[in-house]
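Enquirer: The structure under discussion is supplied below as structure tokens; questions concerning it will follow.
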Amino acid sequence: MAKTVKLLQMSRIAPRHDEAAEIDSVVASRQFNDRRAFHLLMEAQHYWNQMDEFRKDRERNKRYTYGYQWDDVICVDGKSMTEEEYIKMQGNVPLKNNLIRRLVRNVLGVYRSQMKEPTCTARDRDEQKLGETMSIILQCNMQLNRMGNMYARTMEEFLISGFIVHRKSYGWRNNKVDCWTDYVQPNNFFIDNNMRDFRGWDVSVLGEVHDISFGQLCEQFATSPSEYRQLKDIYHLAANRDYIASFAERFGYSRLENYDFLFTSDPGRCRVIELWRKEQKPRYRCHDYQNGDIFKIDVEDYAKEVLTVNEERLQMAKAVGMPKDEVPLIKATWFIDDYWYFYYLTPFGHILREGETPYEHGSHPYVFKAYPFIDGEIHSFVADVIDQQRYTNRLITLYDWIMRASAKGVLLMPKDCLPEGVSIEDIAESWSEFNGVIVYEPSKTGQLPHQVANNSTNIGITELLNIQLKFFEEISGVTGALQGKPGFSGESAAHYNQQTENATKSLLDLLESFSDFVTEGAYKDVKNIQQFYDSKRVFNIAGKSGAQIEYDPKKIRDVEFDLSITESTSTPAYRHLANDILMQLYSAQAISVEQLLEHGDFPFADELLQSIKSQKEQIQQGANMEAVNKLGAAMKG
């Protein structure tokens, strides 16, 4: 009887050599099985840790912006304490005058007054009408996402931290499916620390840390009852609705301490790490000489997409007698392609979802901007004036300290001048009364009671404080004209406007950098709209009766658009200029009153236009009835 031999699996005794799988980074990573998620988590945590200094700097800038300006930690006699605690230990009051907050509000005011919006221009001039259509659709989407307020708050973040992030996505929200924009807190974001391109084109890894409720988690990742039960097992604390979180932040306040990558400070929330990174795989880059298209295909599609098509064209050429070297074939070149791949990870080593980017623009859903990013460094607008703010606070506190310590209104009373039976407390009480009378007996030496008032505050602090305030304006570039301060007596309006324009130039680089961020976001919005708006829709910008257009996906889907930033039509200056031009045209009888109301911006335009249209319809109906009556009378006659 033959002896039974247990067969061993080939994969356990010899490594499999699959050249395509070895080159494909995603397939190669799957050999780690259960450890794969932990490898991804460790890589993401590495990039997260590299941004630790940025998060600390951002927190410090935020504290100075919102008034917590004595919270820097110092070491006194080997003991660490905040500057506020040290000043209080000395019996003084840590005073501050928040100039940074006023500075940020002034720059935000400049941005709001120059509010701009993205405009689409078709690269093919014959398709320019479609560019105007896409501009209106983009403005409608911006209204849907309340982008006016979103960009203002993002600009404030840009001034404080110098790094801003938005996330562009498509999905179900607020009972509708549409393209959405989300603000991403920089503390929750991590990015490749090897990036050096100002435009961010060389980024290879980025991601975001999400703290969401268990209900939101199930909405996004549970597609069956079994997946729901799996999520409930992973996040068992957050799944308990009766659990009361005692570690959550106070409403309206934030804290940075205990800020961890893997675990949330609130056990009632679910921590999910979203990771996007560039993966590599072999592909073919193809050039179809028949129509001039250049595209890429996967290795497994080579036979179907290239060989089969070329064979069909050769057969067609043979049937018509075309020489073989004249046949327009598809030329394919093998190459290593990098593409964006996403992972949704739990802190416990589970991959909730993964896949190649679902967006036709081929990139990740994030839009980010770092300023100025020279040598990969971030330096914010607020950080430039923190030293001036600190010295201003120091001078104010010192001024208060000297005033309280100096002698003010001290009465010198000779001891032998005290009347018999009168105590020094009685003298002090009489001295403090506005009509007090002190009876004393002159001493033998002839000394009289007198008051000492020592003015020791005029020691140059006021001059130093004025110098610091001037430094504050010089360094920030936000001078008096930009702050709305009145000009000097007799100053002309032209000179004051020139001063304001000159002050704005110092902020021009900052404002234009933010405009680049808006352009990049609008580009991804347009690409998402072209991809996901797959049915005809009618759009109308709120408040503009003449901006109603129809979106046809068959016409717009494959159009390439250039994006530019132009002055927003919502600014008061633009509306006033447009109304003036329309009134001039109406006065010259170049346009009708209906055209004036449709294209102008008047508070009563919609009601008046509707009233005029109704009146015309009634007149038209009356004329028609009169014609019918005349015809009936003629027929009877």
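Ordering of the structure tokens sets the chain letters (A, B, ...); residue numbers start at 1 within each chain; ligands are numbered from 1 in the order shown.
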Leaving out stretch 37-40 of chain A and any residue of its chain fewer than 3 positions from it, which residues lie within 9 Å of it when counting only C-alpha atoms, given as a list in words?
Expert: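 The residues satisfying every condition are Phe32, Asn33, Asp34, Glu43, Ala44, Gln45, Leu275, Tyr343, Leu345, Thr346, Pro347, Phe348, Gly349, His350 and Ile351 of chain A.
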Enquirer: Please provide the set of residues having any atom within 12 Å of A:Pro372, restricted to only C-alpha atoms, with same-chain residues fewer than 5 positions apart removed, written as a PDB file with N, CA and C atoms, in the first residue's frame.
Expert:
ATOM      1  N   PHE A 158      -5.871  81.270   6.268  1.00  0.00           N
ATOM      2  CA  PHE A 158      -4.667  81.521   5.480  1.00  0.00           C
ATOM      3  C   PHE A 158      -3.783  82.561   6.162  1.00  0.00           C
ATOM      4  N   LEU A 159      -4.395  83.594   6.743  1.00  0.00           N
ATOM      5  CA  LEU A 159      -3.633  84.624   7.445  1.00  0.00           C
ATOM      6  C   LEU A 159      -3.028  84.090   8.734  1.00  0.00           C
ATOM      7  N   SER A 161      -2.467  80.629   9.714  1.00  0.00           N
ATOM      8  CA  SER A 161      -1.570  79.479   9.644  1.00  0.00           C
ATOM      9  C   SER A 161      -0.714  79.439   8.385  1.00  0.00           C
ATOM     10  N   GLY A 162      -1.160  80.059   7.287  1.00  0.00           N
ATOM     11  CA  GLY A 162      -0.419  79.993   6.033  1.00  0.00           C
ATOM     12  C   GLY A 162      -0.632  78.721   5.257  1.00  0.00           C
ATOM     13  N   PHE A 163      -1.591  77.879   5.674  1.00  0.00           N
ATOM     14  CA  PHE A 163      -1.850  76.605   4.998  1.00  0.00           C
ATOM     15  C   PHE A 163      -3.353  76.340   5.028  1.00  0.00           C
ATOM     16  N   ARG A 196       8.102  70.038  -2.639  1.00  0.00           N
ATOM     17  CA  ARG A 196       8.797  71.317  -2.718  1.00  0.00           C
ATOM     18  C   ARG A 196       8.187  72.232  -3.772  1.00  0.00           C
ATOM     19  N   ASP A 197       7.273  71.727  -4.575  1.00  0.00           N
ATOM     20  CA  ASP A 197       6.671  72.526  -5.643  1.00  0.00           C
ATOM     21  C   ASP A 197       5.646  73.483  -5.032  1.00  0.00           C
ATOM     22  N   PHE A 198       5.733  74.776  -5.406  1.00  0.00           N
ATOM     23  CA  PHE A 198       4.770  75.762  -4.886  1.00  0.00           C
ATOM     24  C   PHE A 198       3.344  75.389  -5.289  1.00  0.00           C
ATOM     25  N   ARG A 199       3.188  74.736  -6.448  1.00  0.00           N
ATOM     26  CA  ARG A 199       1.860  74.378  -6.944  1.00  0.00           C
ATOM     27  C   ARG A 199       1.335  73.077  -6.335  1.00  0.00           C
ATOM     28  N   GLU A 377       8.942  75.605   3.455  1.00  0.00           N
ATOM     29  CA  GLU A 377       8.614  76.219   4.745  1.00  0.00           C
ATOM     30  C   GLU A 377       7.342  77.054   4.636  1.00  0.00           C
ATOM     31  N   ILE A 378       6.595  77.097   5.742  1.00  0.00           N
ATOM     32  CA  ILE A 378       5.349  77.856   5.824  1.00  0.00           C
ATOM     33  C   ILE A 378       5.537  78.985   6.838  1.00  0.00           C
ATOM     34  N   HIS A 379       5.285  80.210   6.411  1.00  0.00           N
ATOM     35  CA  HIS A 379       5.375  81.381   7.283  1.00  0.00           C
ATOM     36  C   HIS A 379       4.114  82.208   7.083  1.00  0.00           C
ATOM     37  N   SER A 380       3.326  82.313   8.115  1.00  0.00           N
ATOM     38  CA  SER A 380       2.026  82.954   7.983  1.00  0.00           C
ATOM     39  C   SER A 380       2.134  84.462   8.129  1.00  0.00           C
ATOM     40  N   PHE A 381       1.073  85.134   7.750  1.00  0.00           N
ATOM     41  CA  PHE A 381       0.969  86.591   7.866  1.00  0.00           C
ATOM     42  C   PHE A 381       0.990  87.022   9.327  1.00  0.00           C
ATOM     43  N   ASP A 509       0.383  90.097  -3.127  1.00  0.00           N
ATOM     44  CA  ASP A 509       0.916  88.739  -3.267  1.00  0.00           C
ATOM     45  C   ASP A 509       0.086  87.747  -2.473  1.00  0.00           C
ATOM     46  N   LEU A 510      -0.313  88.145  -1.265  1.00  0.00           N
ATOM     47  CA  LEU A 510      -1.132  87.267  -0.423  1.00  0.00           C
ATOM     48  C   LEU A 510      -2.498  87.022  -1.066  1.00  0.00           C
ATOM     49  N   GLU A 512      -3.347  87.330  -4.283  1.00  0.00           N
ATOM     50  CA  GLU A 512      -3.243  86.579  -5.532  1.00  0.00           C
ATOM     51  C   GLU A 512      -2.930  85.107  -5.273  1.00  0.00           C
ATOM     52  N   SER A 513      -2.171  84.815  -4.228  1.00  0.00           N
ATOM     53  CA  SER A 513      -1.923  83.414  -3.866  1.00  0.00           C
ATOM     54  C   SER A 513      -3.226  82.730  -3.485  1.00  0.00           C
ATOM     55  N   PHE A 514      -4.066  83.456  -2.775  1.00  0.00           N
ATOM     56  CA  PHE A 514      -5.370  82.888  -2.427  1.00  0.00           C
ATOM     57  C   PHE A 514      -6.226  82.714  -3.688  1.00  0.00           C
TER      58      PHE A 514
END
Enquirer: Measure the distance from atom CA of A:Ile549 to atom CA of A:Arg537 in Å and round it to one decimal.
Expert: 8.5 Å
Enquirer: Grab the atom CA of A:His46 to atom CA of A:Val518 distance for me, in Å with one decimal place.
Expert: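 Between atom CA of A:His46 and atom CA of A:Val518 the gap works out to 29.4 Å.
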Enquirer: Pick from A:Leu352, A:Gln290, A:Gln389, A:Trp276: nearest to A:Gln230, with only C-alpha atoms counted?
Expert: A:Leu352
Enquirer: Can you list every residue in stretch 57-270 of chain A that DSSP puts in strand (DSSP E), as a PyMOL selection string?
Expert: chain A and resi 73-76+79-82+116-122+163-173+176-184+189-191+205-212+270
Enquirer: Report as CSV: every residue of stretch 299-352 of chain A with an atom at most 10 Å from stretch 202-215 of chain A, its closest pair of atoms, and their distance in Å to one decimal, counting only C-alpha atoms, with rows sorted by chain and ascending residue number.
Expert:
residue,atom,partner,partner_atom,distance
A:Asp338,CA,A:Ser204,CA,9.6
A:Tyr339,CA,A:Ser204,CA,9.5
A:Trp340,CA,A:Ser204,CA,8.4
A:Tyr341,CA,A:Val205,CA,9.8
A:Phe342,CA,A:Gly207,CA,9.0
A:Tyr343,CA,A:Gly207,CA,9.2
A:Tyr344,CA,A:Gly207,CA,9.6
A:Leu345,CA,A:Val209,CA,9.7
Enquirer: Generate a file of the selected residues that holds all heavy atoms, formatted as a short mmCIF file (atom, residue, chain, number, x, y, z; two decimals), in the first residue's frame.
Expert:
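File written: part-v9.cif
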data_model
loop_
_atom_site.label_atom_id
_atom_site.label_comp_id
_atom_site.auth_asym_id
_atom_site.auth_seq_id
_atom_site.Cartn_x
_atom_site.Cartn_y
_atom_site.Cartn_z
N ASP A 338 2.01 56.10 -12.78
CA ASP A 338 1.63 56.35 -11.38
C ASP A 338 0.23 56.95 -11.37
O ASP A 338 -0.13 57.76 -12.21
CB ASP A 338 2.63 57.27 -10.68
CG ASP A 338 2.76 58.63 -11.34
OD1 ASP A 338 2.23 58.79 -12.46
OD2 ASP A 338 3.39 59.52 -10.76
N TYR A 339 -0.56 56.55 -10.41
CA TYR A 339 -1.96 56.95 -10.32
C TYR A 339 -2.35 57.05 -8.85
O TYR A 339 -1.69 56.49 -7.97
CB TYR A 339 -2.85 55.93 -11.05
CG TYR A 339 -2.79 54.52 -10.46
CD1 TYR A 339 -3.78 54.08 -9.58
CD2 TYR A 339 -1.75 53.65 -10.78
CE1 TYR A 339 -3.72 52.81 -9.03
CE2 TYR A 339 -1.69 52.39 -10.24
CZ TYR A 339 -2.68 51.97 -9.37
OH TYR A 339 -2.62 50.72 -8.82
N TRP A 340 -3.42 57.78 -8.61
CA TRP A 340 -3.85 58.01 -7.23
C TRP A 340 -4.75 56.86 -6.78
O TRP A 340 -5.67 56.45 -7.48
CB TRP A 340 -4.59 59.33 -7.11
CG TRP A 340 -3.66 60.50 -7.10
CD1 TRP A 340 -3.37 61.34 -8.14
CD2 TRP A 340 -2.88 60.96 -6.00
NE1 TRP A 340 -2.46 62.29 -7.76
CE2 TRP A 340 -2.13 62.08 -6.45
CE3 TRP A 340 -2.73 60.54 -4.68
CZ2 TRP A 340 -1.27 62.77 -5.61
CZ3 TRP A 340 -1.87 61.24 -3.85
CH2 TRP A 340 -1.14 62.34 -4.31
N TYR A 341 -4.47 56.37 -5.57
CA TYR A 341 -5.18 55.24 -4.97
C TYR A 341 -5.55 55.63 -3.54
O TYR A 341 -4.73 56.22 -2.83
CB TYR A 341 -4.29 54.01 -4.97
CG TYR A 341 -5.00 52.69 -4.80
CD1 TYR A 341 -5.52 52.01 -5.89
CD2 TYR A 341 -5.14 52.12 -3.54
CE1 TYR A 341 -6.17 50.79 -5.74
CE2 TYR A 341 -5.78 50.90 -3.37
CZ TYR A 341 -6.29 50.24 -4.47
OH TYR A 341 -6.94 49.03 -4.32
N PHE A 342 -6.77 55.33 -3.12
CA PHE A 342 -7.22 55.76 -1.79
C PHE A 342 -7.45 54.57 -0.86
O PHE A 342 -7.74 53.45 -1.31
CB PHE A 342 -8.51 56.59 -1.90
CG PHE A 342 -9.72 55.80 -2.33
CD1 PHE A 342 -10.52 55.13 -1.39
CD2 PHE A 342 -10.08 55.73 -3.66
CE1 PHE A 342 -11.63 54.42 -1.77
CE2 PHE A 342 -11.19 55.02 -4.06
CZ PHE A 342 -11.97 54.35 -3.12
N TYR A 343 -7.30 54.83 0.43
CA TYR A 343 -7.57 53.86 1.49
C TYR A 343 -8.34 54.57 2.60
O TYR A 343 -8.02 55.70 2.96
CB TYR A 343 -6.28 53.29 2.09
CG TYR A 343 -5.32 52.67 1.11
CD1 TYR A 343 -4.36 53.46 0.47
CD2 TYR A 343 -5.34 51.32 0.84
CE1 TYR A 343 -3.46 52.90 -0.42
CE2 TYR A 343 -4.43 50.75 -0.05
CZ TYR A 343 -3.50 51.55 -0.68
OH TYR A 343 -2.60 51.00 -1.55
N TYR A 344 -9.33 53.89 3.16
CA TYR A 344 -9.99 54.33 4.39
C TYR A 344 -9.64 53.31 5.47
O TYR A 344 -10.03 52.13 5.37
CB TYR A 344 -11.50 54.44 4.21
CG TYR A 344 -11.93 55.63 3.39
CD1 TYR A 344 -12.13 55.53 2.02
CD2 TYR A 344 -12.15 56.87 3.99
CE1 TYR A 344 -12.52 56.63 1.27
CE2 TYR A 344 -12.54 57.98 3.25
CZ TYR A 344 -12.72 57.84 1.89
OH TYR A 344 -13.12 58.94 1.15
N LEU A 345 -8.92 53.75 6.49
CA LEU A 345 -8.35 52.85 7.49
C LEU A 345 -8.94 53.13 8.87
O LEU A 345 -9.29 54.26 9.19
CB LEU A 345 -6.83 53.02 7.55
CG LEU A 345 -6.08 52.96 6.22
CD1 LEU A 345 -4.63 53.40 6.41
CD2 LEU A 345 -6.13 51.56 5.64
#
Enquirer: Could you work out how far atom CA of A:Phe261 lies from atom CA of A:Ile273, giving the answer in Å with one decimal?
Expert: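 These atoms are spaced 8.7 Å apart.
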